[in-house]
Structure formats: structure tokens, C-alpha cells
$ cat input03.cif   # mmCIF, C-alpha atoms, pLDDT in the B column; chains and numbers go by the auth columns
data_model
loop_
_atom_site.group_PDB
_atom_site.id
_atom_site.type_symbol
_atom_site.label_atom_id
_atom_site.label_comp_id
_atom_site.label_asym_id
_atom_site.label_seq_id
_atom_site.Cartn_x
_atom_site.Cartn_y
_atom_site.Cartn_z
_atom_site.B_iso_or_equiv
_atom_site.auth_seq_id
_atom_site.auth_asym_id
ATOM 1 C CA MET A 1 240.459 88.297 214.003 66.00 267 A
ATOM 2 C CA ASP A 2 242.429 91.472 213.784 82.00 268 A
ATOM 3 C CA ALA A 3 241.948 94.533 216.003 83.00 269 A
ATOM 4 C CA LYS A 4 240.216 96.596 213.301 83.00 270 A
ATOM 5 C CA LYS A 5 237.468 94.024 212.769 83.00 271 A
ATOM 6 C CA ARG A 6 236.989 93.525 216.479 82.00 272 A
ATOM 7 C CA ASN A 7 236.738 97.298 217.096 83.00 273 A
ATOM 8 C CA LEU A 8 234.277 97.598 214.187 82.00 274 A
ATOM 9 C CA ILE A 9 232.070 94.832 215.622 84.00 275 A
ATOM 10 C CA ILE A 10 232.204 96.394 219.103 83.00 276 A
ATOM 11 C CA GLY A 11 231.327 99.788 217.573 86.00 277 A
ATOM 12 C CA ILE A 12 228.376 98.323 215.671 87.00 278 A
ATOM 13 C CA VAL A 13 227.109 96.537 218.805 86.00 279 A
ATOM 14 C CA VAL A 14 227.400 99.756 220.839 87.00 280 A
ATOM 15 C CA VAL A 15 225.524 101.723 218.152 87.00 281 A
ATOM 16 C CA ILE A 16 222.797 99.053 218.018 87.00 282 A
ATOM 17 C CA ILE A 17 222.446 99.137 221.809 86.00 283 A
ATOM 18 C CA ILE A 18 222.217 102.949 221.820 86.00 284 A
ATOM 19 C CA VAL A 19 219.660 102.954 218.980 83.00 285 A
ATOM 20 C CA PHE A 20 217.614 100.293 220.754 82.00 286 A
ATOM 21 C CA ALA A 21 217.761 102.228 224.034 78.00 287 A
ATOM 22 C CA PHE A 22 216.557 105.444 222.352 77.00 288 A
ATOM 23 C CA TYR A 23 213.827 103.556 220.495 76.00 289 A
ATOM 24 C CA SER A 24 212.679 101.958 223.765 73.00 290 A
ATOM 25 C CA LEU A 25 212.671 105.330 225.505 71.00 291 A
ATOM 26 C CA PHE A 26 210.644 106.999 222.750 77.00 292 A
ATOM 27 C CA ALA A 27 208.258 104.139 222.009 74.00 293 A
ATOM 28 C CA GLY A 28 207.690 103.324 225.666 77.00 294 A
ATOM 29 C CA ASN A 29 206.963 106.916 226.619 78.00 295 A
ATOM 30 C CA TYR A 30 204.817 107.556 223.556 84.00 296 A
ATOM 31 C CA ASN A 31 202.729 104.453 224.254 84.00 297 A
ATOM 32 C CA LYS A 32 202.464 105.450 227.923 86.00 298 A
ATOM 33 C CA PHE A 33 201.083 108.853 226.918 86.00 299 A
ATOM 34 C CA VAL A 34 198.587 107.264 224.550 88.00 300 A
ATOM 35 C CA LYS A 35 197.335 104.907 227.276 90.00 301 A
ATOM 36 C CA MET A 36 197.042 107.707 229.828 89.00 302 A
ATOM 37 C CA ASP A 37 195.257 109.947 227.313 89.00 303 A
ATOM 38 C CA VAL A 38 192.751 107.170 226.612 90.00 304 A
ATOM 39 C CA ALA A 39 192.266 106.673 230.365 91.00 305 A
ATOM 40 C CA ILE A 40 191.443 110.382 230.696 91.00 306 A
ATOM 41 C CA GLU A 41 188.978 110.199 227.806 90.00 307 A
ATOM 42 C CA THR A 42 187.322 107.176 229.412 90.00 308 A
ATOM 43 C CA ALA A 43 187.123 108.882 232.803 90.00 309 A
ATOM 44 C CA TRP A 44 185.705 112.020 231.189 89.00 310 A
ATOM 45 C CA SER A 45 183.036 109.997 229.377 87.00 311 A
ATOM 46 C CA GLN A 46 181.919 108.623 232.751 88.00 312 A
ATOM 47 C CA VAL A 47 181.734 112.168 234.110 87.00 313 A
ATOM 48 C CA GLU A 48 179.673 113.153 231.070 87.00 314 A
ATOM 49 C CA ASN A 49 177.304 110.216 231.615 85.00 315 A
ATOM 50 C CA GLN A 50 176.529 111.468 235.110 86.00 316 A
ATOM 51 C CA LEU A 51 176.333 115.100 234.000 84.00 317 A
ATOM 52 C CA GLN A 52 173.837 114.057 231.321 85.00 318 A
ATOM 53 C CA ARG A 53 171.775 112.259 233.952 84.00 319 A
ATOM 54 C CA ARG A 54 171.679 115.457 236.033 83.00 320 A
ATOM 55 C CA TYR A 55 170.945 117.507 232.917 82.00 321 A
ATOM 56 C CA ASP A 56 167.940 115.269 232.180 84.00 322 A
ATOM 57 C CA LEU A 57 166.605 115.491 235.764 81.00 323 A
ATOM 58 C CA ILE A 58 166.651 119.266 235.977 80.00 324 A
ATOM 59 C CA PRO A 59 163.555 120.099 233.876 81.00 325 A
ATOM 60 C CA ASN A 60 161.382 117.798 235.997 78.00 326 A
ATOM 61 C CA LEU A 61 162.786 119.240 239.208 77.00 327 A
ATOM 62 C CA VAL A 62 162.250 122.823 238.032 76.00 328 A
ATOM 63 C CA GLU A 63 158.680 122.116 236.923 77.00 329 A
ATOM 64 C CA THR A 64 157.829 120.534 240.268 73.00 330 A
ATOM 65 C CA VAL A 65 159.208 123.498 242.198 73.00 331 A
ATOM 66 C CA LYS A 66 157.616 126.006 239.790 70.00 332 A
ATOM 67 C CA GLY A 67 154.165 124.834 240.754 68.00 333 A
ATOM 68 C CA TYR A 68 154.801 125.825 244.362 63.00 334 A
ATOM 69 C CA ALA A 69 157.044 128.841 244.071 64.00 335 A
ATOM 70 C CA LYS A 70 155.813 130.962 241.191 63.00 336 A
ATOM 71 C CA GLN A 71 157.473 134.137 242.538 58.00 337 A
ATOM 72 C CA GLU A 72 160.961 132.595 242.294 68.00 338 A
ATOM 73 C CA ARG A 73 161.097 133.218 238.540 70.00 339 A
ATOM 74 C CA GLU A 74 164.700 134.526 238.560 74.00 340 A
ATOM 75 C CA VAL A 75 166.030 131.299 240.071 75.00 341 A
ATOM 76 C CA PHE A 76 164.227 129.229 237.415 75.00 342 A
ATOM 77 C CA ILE A 77 165.642 131.414 234.660 78.00 343 A
ATOM 78 C CA LYS A 78 169.195 131.031 236.035 80.00 344 A
ATOM 79 C CA VAL A 79 168.823 127.236 236.203 81.00 345 A
ATOM 80 C CA THR A 80 167.423 127.112 232.681 81.00 346 A
ATOM 81 C CA GLU A 81 170.179 129.379 231.315 84.00 347 A
ATOM 82 C CA ALA A 82 172.889 127.349 233.069 86.00 348 A
ATOM 83 C CA ARG A 83 171.395 124.134 231.691 83.00 349 A
ATOM 84 C CA ALA A 84 171.428 125.620 228.181 85.00 350 A
ATOM 85 C CA LYS A 85 175.118 126.519 228.569 86.00 351 A
ATOM 86 C CA VAL A 86 175.864 122.910 229.503 83.00 352 A
ATOM 87 C CA GLY A 87 174.047 121.723 226.385 82.00 353 A
ATOM 88 C CA GLY A 88 176.043 124.117 224.199 85.00 354 A
ATOM 89 C CA ALA A 89 179.500 123.542 225.683 85.00 355 A
ATOM 90 C CA GLY A 90 181.987 122.020 223.273 83.00 356 A
ATOM 91 C CA THR A 91 185.399 121.614 224.874 85.00 357 A
ATOM 92 C CA VAL A 92 186.172 119.866 228.148 83.00 358 A
ATOM 93 C CA SER A 93 187.086 123.222 229.721 83.00 359 A
ATOM 94 C CA ASP A 94 183.800 124.777 228.546 85.00 360 A
ATOM 95 C CA LYS A 95 181.862 121.801 229.886 85.00 361 A
ATOM 96 C CA ILE A 96 183.589 122.051 233.255 85.00 362 A
ATOM 97 C CA THR A 97 182.818 125.779 233.486 84.00 363 A
ATOM 98 C CA ALA A 98 179.202 125.325 232.384 86.00 364 A
ATOM 99 C CA ASN A 99 178.603 122.466 234.814 83.00 365 A
ATOM 100 C CA ASN A 100 180.100 124.441 237.672 83.00 366 A
ATOM 101 C CA GLU A 101 177.677 127.261 236.841 84.00 367 A
ATOM 102 C CA LEU A 102 174.825 124.752 236.741 83.00 368 A
ATOM 103 C CA SER A 103 175.847 123.406 240.147 83.00 369 A
ATOM 104 C CA GLY A 104 175.611 126.918 241.568 82.00 370 A
ATOM 105 C CA ALA A 105 172.186 127.487 240.012 81.00 371 A
ATOM 106 C CA LEU A 106 170.948 124.154 241.368 80.00 372 A
ATOM 107 C CA SER A 107 172.121 125.014 244.859 80.00 373 A
ATOM 108 C CA ARG A 108 170.143 128.281 244.650 77.00 374 A
ATOM 109 C CA LEU A 109 167.088 126.295 243.493 78.00 375 A
ATOM 110 C CA LEU A 110 167.404 123.972 246.465 77.00 376 A
ATOM 111 C CA LEU A 111 167.624 126.997 248.764 76.00 377 A
ATOM 112 C CA VAL A 112 164.265 128.131 247.329 74.00 378 A
ATOM 113 C CA VAL A 113 162.834 124.778 248.327 73.00 379 A
ATOM 114 C CA GLU A 114 163.751 125.478 251.949 73.00 380 A
ATOM 115 C CA ARG A 115 161.316 128.406 251.908 69.00 381 A
ATOM 116 C CA TYR A 116 158.366 126.269 250.838 67.00 382 A
ATOM 117 C CA PRO A 117 157.578 123.387 253.203 69.00 383 A
ATOM 118 C CA ASP A 118 154.814 122.126 250.894 67.00 384 A
ATOM 119 C CA ILE A 119 157.379 121.325 248.212 66.00 385 A
ATOM 120 C CA LYS A 120 159.434 119.231 250.598 62.00 386 A
ATOM 121 C CA SER A 121 156.421 117.033 251.323 64.00 387 A
ATOM 122 C CA ASN A 122 155.557 116.475 247.638 68.00 388 A
ATOM 123 C CA GLN A 123 156.364 112.862 246.699 71.00 389 A
ATOM 124 C CA ASN A 124 157.378 113.713 243.135 71.00 390 A
ATOM 125 C CA PHE A 125 159.780 116.372 244.398 72.00 391 A
ATOM 126 C CA LEU A 126 161.209 114.031 247.034 75.00 392 A
ATOM 127 C CA ARG A 127 161.849 111.355 244.408 78.00 393 A
ATOM 128 C CA LEU A 128 163.503 113.872 242.074 76.00 394 A
ATOM 129 C CA GLN A 129 165.565 115.315 244.921 78.00 395 A
ATOM 130 C CA ASP A 130 166.778 111.829 245.857 82.00 396 A
ATOM 131 C CA GLU A 131 167.687 111.108 242.243 82.00 397 A
ATOM 132 C CA LEU A 132 169.522 114.410 242.005 81.00 398 A
ATOM 133 C CA ALA A 133 171.408 113.747 245.253 83.00 399 A
ATOM 134 C CA GLY A 134 172.417 110.297 243.991 85.00 400 A
ATOM 135 C CA THR A 135 173.505 111.791 240.686 83.00 401 A
ATOM 136 C CA GLU A 136 175.548 114.485 242.426 85.00 402 A
ATOM 137 C CA ASN A 137 177.315 111.737 244.404 85.00 403 A
ATOM 138 C CA ARG A 138 178.032 109.823 241.193 87.00 404 A
ATOM 139 C CA ILE A 139 179.347 113.010 239.580 85.00 405 A
ATOM 140 C CA ALA A 140 181.661 113.562 242.552 86.00 406 A
ATOM 141 C CA VAL A 141 183.033 110.009 242.263 88.00 407 A
ATOM 142 C CA GLU A 142 183.521 110.200 238.496 88.00 408 A
ATOM 143 C CA ARG A 143 185.045 113.693 238.787 87.00 409 A
ATOM 144 C CA MET A 144 187.520 112.307 241.336 89.00 410 A
ATOM 145 C CA ARG A 145 188.451 109.438 238.993 91.00 411 A
ATOM 146 C CA TYR A 146 188.855 111.856 236.090 90.00 412 A
ATOM 147 C CA ASN A 147 191.053 114.166 238.174 90.00 413 A
ATOM 148 C CA GLU A 148 193.192 111.201 239.287 92.00 414 A
ATOM 149 C CA ALA A 149 193.750 110.191 235.655 92.00 415 A
ATOM 150 C CA VAL A 150 194.577 113.810 234.761 92.00 416 A
ATOM 151 C CA LYS A 151 197.040 114.044 237.672 92.00 417 A
ATOM 152 C CA VAL A 152 198.980 110.961 236.551 91.00 418 A
ATOM 153 C CA TYR A 153 199.017 112.156 232.950 90.00 419 A
ATOM 154 C CA ASN A 154 199.981 115.758 233.758 91.00 420 A
ATOM 155 C CA GLU A 155 202.821 114.554 235.993 91.00 421 A
ATOM 156 C CA ALA A 156 204.130 112.408 233.148 87.00 422 A
ATOM 157 C CA VAL A 157 203.857 115.272 230.636 89.00 423 A
ATOM 158 C CA ARG A 158 205.922 117.494 232.937 88.00 424 A
ATOM 159 C CA SER A 159 208.524 114.890 234.031 86.00 425 A
ATOM 160 C CA PHE A 160 211.943 114.557 232.449 86.00 426 A
ATOM 161 C CA PRO A 161 212.737 112.971 229.958 83.00 427 A
ATOM 162 C CA ALA A 162 209.146 112.157 229.053 83.00 428 A
ATOM 163 C CA ASN A 163 208.351 115.877 228.735 86.00 429 A
ATOM 164 C CA MET A 164 210.564 116.068 225.628 84.00 430 A
ATOM 165 C CA ILE A 165 208.670 113.226 223.995 83.00 431 A
ATOM 166 C CA ALA A 166 205.331 114.740 225.043 86.00 432 A
ATOM 167 C CA ALA A 167 206.314 118.056 223.467 85.00 433 A
ATOM 168 C CA MET A 168 207.488 116.330 220.271 85.00 434 A
ATOM 169 C CA PHE A 169 204.183 114.515 219.798 84.00 435 A
ATOM 170 C CA GLY A 170 201.879 117.296 221.016 88.00 436 A
ATOM 171 C CA PHE A 171 200.751 115.769 224.315 88.00 437 A
ATOM 172 C CA LYS A 172 199.577 118.681 226.482 89.00 438 A
ATOM 173 C CA GLU A 173 198.272 118.891 230.017 89.00 439 A
ATOM 174 C CA HIS A 174 194.554 118.255 230.564 89.00 440 A
ATOM 175 C CA PRO A 175 192.394 120.521 232.749 88.00 441 A
ATOM 176 C CA TYR A 176 191.211 119.377 236.149 85.00 442 A
ATOM 177 C CA PHE A 177 187.488 119.339 236.924 83.00 443 A
ATOM 178 C CA GLU A 178 187.613 121.622 239.929 77.00 444 A
ATOM 179 C CA ALA A 179 184.770 122.739 242.152 68.00 445 A
ATOM 180 C CA PRO A 180 183.391 126.197 241.413 65.00 446 A
ATOM 181 C CA LYS A 181 184.534 129.088 243.603 63.00 447 A
ATOM 182 C CA GLU A 182 181.021 129.344 245.076 59.00 448 A
ATOM 183 C CA ALA A 183 181.429 125.836 246.534 53.00 449 A
ATOM 184 C CA GLN A 184 184.224 127.056 248.782 51.00 450 A
ATOM 185 C CA ALA A 185 181.840 129.245 250.784 54.00 451 A
ATOM 186 C CA PRO A 186 179.250 127.572 253.027 50.00 452 A
ATOM 187 C CA PRO A 187 175.657 127.909 251.725 48.00 453 A
ATOM 188 C CA GLN A 188 173.430 130.288 253.607 50.00 454 A
ATOM 189 C CA VAL A 189 169.987 128.979 254.489 42.00 455 A
ATOM 190 C CA LYS A 190 167.502 131.531 255.761 45.00 456 A
ATOM 191 C CA PHE A 191 164.103 130.695 257.161 38.00 457 A
ATOM 192 C CA ASP A 192 161.439 133.382 256.782 42.00 458 A
#

$ encode --input "input03.cif" --output "C-alpha cells"
Amino acid sequence: MDAKKRNLIIGIVVVIIIVFAFYSLFAGNYNKFVKMDVAIETAWSQVENQLQRRYDLIPNLVETVKGYAKQEREVFIKVTEARAKVGGAGTVSDKITANNELSGALSRLLLVVERYPDIKSNQNFLRLQDELAGTENRIAVERMRYNEAVKVYNEAVRSFPANMIAAMFGFKEHPYFEAPKEAQAPPQVKFD
């Protein structure tokens, strides 16, 4: 075999190796992004399941409290309006914002309960409050899982060289489901 043929074969092998390496880099990263994106969608659907459970509990809770605390009309309106915003939210970011607002309205409703000892002894209210507390715990767990999936994905989207592939195929960072600003301040309970 002469030197020209040998150099040509070596050149072809090198080109094949380079093409295969680039293909592996692109295909591997693309598939990784797809899997992580699906994991985020799955985690978000679990969050939504728990948010829907809370959304369904709220009317019963409000009606139970209404019977005892008729003068707390403003709180009931805020809870109802916040619940309506949750029902009308379309994007993940809108849903996060609406649910954070609903969490704030619910905490104000539960503060109303503190002013009426008769409500706290009502069996229906106690059952609903327990269900709501359990649901809030489930939401916290699912929100944590969602945020973990988002963290892994967002790190990959921003890391080199995967960030170039992410940009090429339109993979963008997902929003975190963060606690509302009101949650950072301790609730104030006042006894009259």
C-alpha cells in the first residue's frame, strides 16, 4: 500500500471519528434535554394534582367558615377571587403566581378561624382543615420534587457545551415554584 492510500484511509477514519463524536455530543445532549423536560412535566403534573385537590376543598371550607363568621366577607371574597385566578391560569408561571396568591388568601382565612372558637370545634371544619393541611403538605413535597427537576434541567441548559445545543433546539429554562413573598414573614395571630 502506498503512502497516499494509507494517508487517505487515515484521513477518512479521522473524519468518521470526528463526525461520530459530534453526533454523539448532539444526540446525547438533545436526548438528555428531552428526558429532563419530560421529568419536569411529570413533576408539574403531580403539583397540579395536589393544587386541584386544594382547589376542590376550598369551597367547602369557605362555606363552613361563612356560617360562623358572616362579618368576614372581605376574606371570603379574596379567597374566592384567588381561587378563580387559579382556575383561569394558563401558563406554569401564571399558575405559580395564582397559587401563591391563593395560599396567602387561605392563610388569612385560617387567621379568621382563630377569632371564632366555635368554628374550631365544628367536626366538618376540623375534617376539612385536616384535609387541607394534608394537601398543603403534599403540595410542598410535589413542589420540592418539581423544583429539583427544574434545577437539574436549568443547570444543564446553562452548562457548556450543552447550552449551545439547548439554544439550537429551543430548550429554555423553566421557572421555579417559589414561595410567595408573604410566606417569608411570620403570620400574626391576634386574639380579641

$ atom_distance --input "input03.cif" --atom1 "CA of Asn315 in chain A" --atom2 "CA of Ala422 in chain A"
27.0 Å

$ atom_distance --input "input03.cif" --atom1 "CA of Val358 in chain A" --atom2 "CA of Leu372 in chain A"
20.6 Å

$ closest_residue --input "input03.cif" --among "A:Asn297, A:Thr357, A:Ser290, A:Ser369" --to "Thr401 in chain A" --atoms "all atoms listed in the file"
A:Ser369

$ resolve_selection --input "input03.cif" --expression "the PyMOL selection byres ((chain A and resi 415) around 9)" --output "JSON list (two decimals) with C-alpha atoms, in the frame of the given file"
[["chain", "number", "residue", "atom", "x", "y", "z"],
["A", 302, "MET", "CA", 197.04, 107.71, 229.83],
["A", 303, "ASP", "CA", 195.26, 109.95, 227.31],
["A", 305, "ALA", "CA", 192.27, 106.67, 230.36],
["A", 306, "ILE", "CA", 191.44, 110.38, 230.70],
["A", 309, "ALA", "CA", 187.12, 108.88, 232.80],
["A", 410, "MET", "CA", 187.52, 112.31, 241.34],
["A", 411, "ARG", "CA", 188.45, 109.44, 238.99],
["A", 412, "TYR", "CA", 188.86, 111.86, 236.09],
["A", 413, "ASN", "CA", 191.05, 114.17, 238.17],
["A", 414, "GLU", "CA", 193.19, 111.20, 239.29],
["A", 416, "VAL", "CA", 194.58, 113.81, 234.76],
["A", 417, "LYS", "CA", 197.04, 114.04, 237.67],
["A", 418, "VAL", "CA", 198.98, 110.96, 236.55],
["A", 419, "TYR", "CA", 199.02, 112.16, 232.95],
["A", 420, "ASN", "CA", 199.98, 115.76, 233.76]]

$ closest_residue --input "input03.cif" --among "A:Ile283, A:Val407, A:Leu376, A:Ala399" --to "Gln312 in chain A" --atoms "all atoms listed in the file"
A:Val407

$ atom_distance --input "input03.cif" --atom1 "CA of Ile276 in chain A" --atom2 "CA of Phe292 in chain A"
24.3 Å

$ closest_residue --input "input03.cif" --among "A:Phe437, A:Glu340, A:Val352, A:Lys361" --to "Val378 in chain A" --atoms "only C-alpha atoms"
A:Glu340
